[in-house]
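Everything on this sheet refers to the single structure shown next.
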Amino acid sequence: METKRFTTNKEDLAEAAAIIRNGGIVAFPTETVYGLGANALDPEAVKKVYDAKGRPGDNPMIVHIARASDIGQMTPMLSPKIVTLIENFWPGPLTLVLKKKEGIPKRTTGGLDTVAVRMPDDPAALEIISRAGCPVAAPSANLSGRPSPTRAEHVLADLDGKIDAVVMGSECRVGIESTVLDMTGDVPVILRPGIVTADNIEAALGVKVEYDPHLKQNPKDETADFKPRSPGMKYRHYAPKADMLVVEGQRDDVKREIERLKKLNEGMGNKVGTILFEEKAFIEAAHDLFAELRELDKEGVDMILAGALSDKDGVGFAVMNRMLKSAGYNIVKV
Ligand code: AMP
Ligand code: MG
């Protein structure tokens with residue numbers, strides 16, 4: 001199929017919305033990463049998203065809404081805590097996992113009886129969703145397993161010819177996907193870290209927030225009981241074509257080890273790329289990680305050496321979650 005290119009002007013966004021309303025699939029920018037949107041209430045349309053991405057059918061989609069009040073279509077009841085989170089963080093990069101209403105197709109939720117919902121804060125995304133007139137299921141607009149797309153060109157590299165249209169917006173502000181927070185139990189649980197951190201959520205709610213234990217484990221560790229509650233977190237993810245190794249330790253040691261390994265590997269005829277973010281510049285690292293992985297792939301490197309960030313809890317932790325998955329948990333400590 002021919003993939004249409006749209007700008008972010010009003011007429012184009014109206015056309016993009018009409019495609020979604022009529023059962024098609026359209027990629028559009030959000031503040032986190034580009035999403036691939038379909039009518040969340042139409043199982044046929046949602047199936048097209050799974051097929052285009054090559055996404056496993058048990059990996060549920062996040063449903064995007066344009067007005068916080070539309071959450072009533074998704075879930076039967078809002079606790080005071082959920083209302084507080086919406087007031088504090090929407091529109092924005094916080095996804096809430098809630099009990100699902102009957103009408104939401106199982107296809108959208110990967111067979112679960114919960115639904116993940118978010119209101120993005122990108123104006124083009126909000127315009128498309130509100131004009132589509134339906135909740136919009138929108139996973140990241142990449143081939144399953146590849147780094148998430150933070151620019152329109154990344155979407156085209158993966159999905160040109162496989163989807164109805166792309167809205168060619170600007171680069172995404174955040175660069176990593178939303179924080180996913182499970183609100184179905186007594187304690188809020190972070191299933192996927194993002195730039196809305198545990199500290200941010202605790203400050204708003206005044207209660208302790210937990211991490212899904214798998215987030216602090218290495219799946220290669222055979223003693224770990226690696227069973228993430230968020231189905232998507234168990235898959236190989238964000239992977240560049242090159243082999244990737246994460247070097248962990250004190251900053252100076254890391255830099256030295258990366259230089260040493262680079263020289264050795266180049267001496268063997270390999271093309272080596274490096275990813276080394278400024279210390280403590282976690283927001284910038286989030287913004288750049290996926291784009292750098294794709295750039296190094298384009299350059300055709302054989303090997304990527306990346307310096308670990310030291311943050312164990314905040315935005316740096318969210319970046320490390322992606323970096324380690326990209327590297328298939330290939331880690332050396334120095
Ligand atoms: P993506 O759409 O690519 O940003 O991925 C969505 C993430 O949200 C995946 O990790 C999903 O497993 C997770 N997710 C979506 N819906 C649910 C749900 N109902 N329960 C738990 N995790 C969910
Ligand atoms: Mg994704």
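In the structure tokens, the first chain shown is A, the next is B, and so on; residue numbers restart at 1 for each chain, and ligands run from 1 in the order shown.
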
### Task
Could you tell me, counting only C-alpha atoms and all ligand atoms, which protein and nucleic acid residues lie no more than 8 Å from ligand 1, written as a PyMOL selection string?
chain A and resi 35+59-62+95+97-98+109-110+112-117+138-141+148+177-178+180+182+191-192+229-233

### Message
Among range 135-222 of chain A, which ones does DSSP assign to strand (DSSP E or B) (computed from the backbone)? Answer as a list in words.
### Response
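Residues meeting the strand (DSSP E or B) criterion: Val136, Ala137, Ser140, Ala165, Val166, Val167, Thr179, Val180, Leu181, Asp182, Val189, Ile190, Leu191, Arg192, Glu210 and Tyr211 of chain A.
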
### Task
Write out as a VMD selection string each polymer residue whose atoms come within 9 Å of range 3-20 of chain A, counting only C-alpha atoms; drop sequence neighbours fewer than 4 positions from it.
chain A and resid 24 to 28 37 to 39 45 124 to 125 127 to 134 136 156 159 to 169

I need the chosen residues saved as a short mmCIF file (atom, residue, chain, number, x, y, z; two decimals), in the first residue's frame, with C-alpha atoms.
```cif
data_model
loop_
_atom_site.label_atom_id
_atom_site.label_comp_id
_atom_site.auth_asym_id
_atom_site.auth_seq_id
_atom_site.Cartn_x
_atom_site.Cartn_y
_atom_site.Cartn_z
CA GLY A 24 -7.24 2.56 8.94
CA ILE A 25 -3.91 2.95 10.77
CA VAL A 26 -1.92 6.19 11.01
CA ALA A 27 1.41 7.02 12.71
CA PHE A 28 1.57 10.35 14.52
CA GLY A 37 -2.95 4.68 15.95
CA ALA A 38 -6.14 2.71 15.27
CA ASN A 39 -9.72 2.89 16.57
CA ALA A 45 -8.37 -2.00 12.92
CA ALA A 124 -1.18 17.13 16.84
CA ALA A 125 -1.89 13.88 18.72
CA GLU A 127 -6.24 16.98 17.52
CA ILE A 128 -6.19 13.61 15.71
CA ILE A 129 -7.68 11.70 18.64
CA SER A 130 -10.41 14.24 19.29
CA ARG A 131 -11.33 14.46 15.58
CA ALA A 132 -11.30 10.67 15.19
CA GLY A 133 -14.11 10.65 17.75
CA CYS A 134 -12.97 7.35 19.27
CA VAL A 136 -7.11 5.48 19.80
CA LEU A 156 9.17 5.53 7.55
CA LEU A 159 6.73 1.00 8.24
CA ASP A 160 6.66 2.77 4.85
CA GLY A 161 4.26 0.81 2.62
CA LYS A 162 2.75 -1.06 5.60
CA ILE A 163 0.48 1.64 7.07
CA ASP A 164 -2.07 4.09 5.67
CA ALA A 165 -0.34 7.35 6.62
CA VAL A 166 2.31 9.13 8.71
CA VAL A 167 1.93 12.58 10.23
CA MET A 168 5.36 14.13 9.68
CA GLY A 169 5.66 16.10 12.92
#
```

### Among the residues A:Gly111, A:Ile86, A:Val174, A:Gly267, the one that comes closest to Asp288 in chain A [using only C-alpha atoms]
A:Val174

### Task
Record the distance separating CA of Lys271 in chain A and CA of Leu324 in chain A, expressed in Å with one decimal.
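The value is 20.9 Å.
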
#### Entry: Residue neighbourhood range 242-244 of chain A, 6 Å, only C-alpha atoms, exclusion window fewer than 3 positions, as a PyMOL selection string
chain A and resi 302-305+327

With N, CA and C atoms retained, write the just-selected residues as a short mmCIF file (atom, residue, chain, number, x, y, z; two decimals), in the first residue's frame.
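Printed below is out38.cif as written:
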```
data_model
loop_
_atom_site.label_atom_id
_atom_site.label_comp_id
_atom_site.auth_asym_id
_atom_site.auth_seq_id
_atom_site.Cartn_x
_atom_site.Cartn_y
_atom_site.Cartn_z
N ASP A 302 29.33 -2.59 13.61
CA ASP A 302 29.22 -4.01 14.00
C ASP A 302 28.97 -4.14 15.49
N MET A 303 29.43 -3.11 16.23
CA MET A 303 29.39 -3.24 17.68
C MET A 303 29.10 -1.88 18.30
N ILE A 304 28.25 -1.86 19.35
CA ILE A 304 27.98 -0.62 20.08
C ILE A 304 28.42 -0.81 21.52
N LEU A 305 29.26 0.12 21.99
CA LEU A 305 29.69 0.13 23.39
C LEU A 305 29.00 1.30 24.08
N ALA A 327 20.68 -4.00 24.68
CA ALA A 327 21.91 -4.78 24.68
C ALA A 327 21.67 -6.25 25.02
#
```

### Task
Grab the CA of Thr108 in chain A to CA of Val196 in chain A distance for me, in Å with one decimal place.
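For CA of Thr108 in chain A relative to CA of Val196 in chain A, the distance reads 24.3 Å.
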
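The environment of Cys172 in chain A within 6 Å, counting only C-alpha atoms and disregarding residues fewer than 2 places along the same chain, consists of Glu31, Thr32, Val33, Thr150, Val174 and Gly175 of chain A.
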
Could the residues in this selection be saved with all heavy atoms as a short mmCIF file (atom, residue, chain, number, x, y, z; two decimals), in the first residue's frame?
```cif
data_model
loop_
_atom_site.label_atom_id
_atom_site.label_comp_id
_atom_site.auth_asym_id
_atom_site.auth_seq_id
_atom_site.Cartn_x
_atom_site.Cartn_y
_atom_site.Cartn_z
N GLU A 31 4.38 13.25 22.61
CA GLU A 31 5.54 13.83 23.30
C GLU A 31 6.56 12.77 23.70
O GLU A 31 7.72 13.08 23.93
CB GLU A 31 5.09 14.66 24.51
CG GLU A 31 4.72 13.86 25.77
CD GLU A 31 3.30 13.30 25.72
OE1 GLU A 31 2.77 13.06 24.60
OE2 GLU A 31 2.73 13.07 26.80
N THR A 32 6.13 11.48 23.75
CA THR A 32 7.07 10.43 24.16
C THR A 32 7.82 9.87 22.94
O THR A 32 9.00 10.13 22.77
CB THR A 32 6.33 9.29 24.88
OG1 THR A 32 5.29 8.78 24.05
CG2 THR A 32 5.78 9.76 26.21
N VAL A 33 7.10 9.09 22.10
CA VAL A 33 7.65 8.57 20.84
C VAL A 33 6.51 8.61 19.83
O VAL A 33 5.37 8.90 20.19
CB VAL A 33 8.18 7.11 21.00
CG1 VAL A 33 9.26 7.01 22.07
CG2 VAL A 33 7.05 6.11 21.30
N THR A 150 11.55 8.22 17.35
CA THR A 150 11.40 9.56 17.92
C THR A 150 11.36 10.63 16.83
O THR A 150 11.23 11.81 17.12
CB THR A 150 12.55 9.86 18.90
OG1 THR A 150 13.80 9.74 18.20
CG2 THR A 150 12.55 8.88 20.06
N VAL A 174 10.22 13.92 24.66
CA VAL A 174 10.71 13.05 25.74
C VAL A 174 11.69 12.00 25.22
O VAL A 174 12.78 11.84 25.75
CB VAL A 174 9.53 12.38 26.47
CG1 VAL A 174 10.04 11.39 27.51
CG2 VAL A 174 8.63 13.44 27.13
N GLY A 175 11.28 11.24 24.22
CA GLY A 175 12.21 10.29 23.59
C GLY A 175 12.12 8.86 24.09
O GLY A 175 12.59 7.95 23.41
#
```
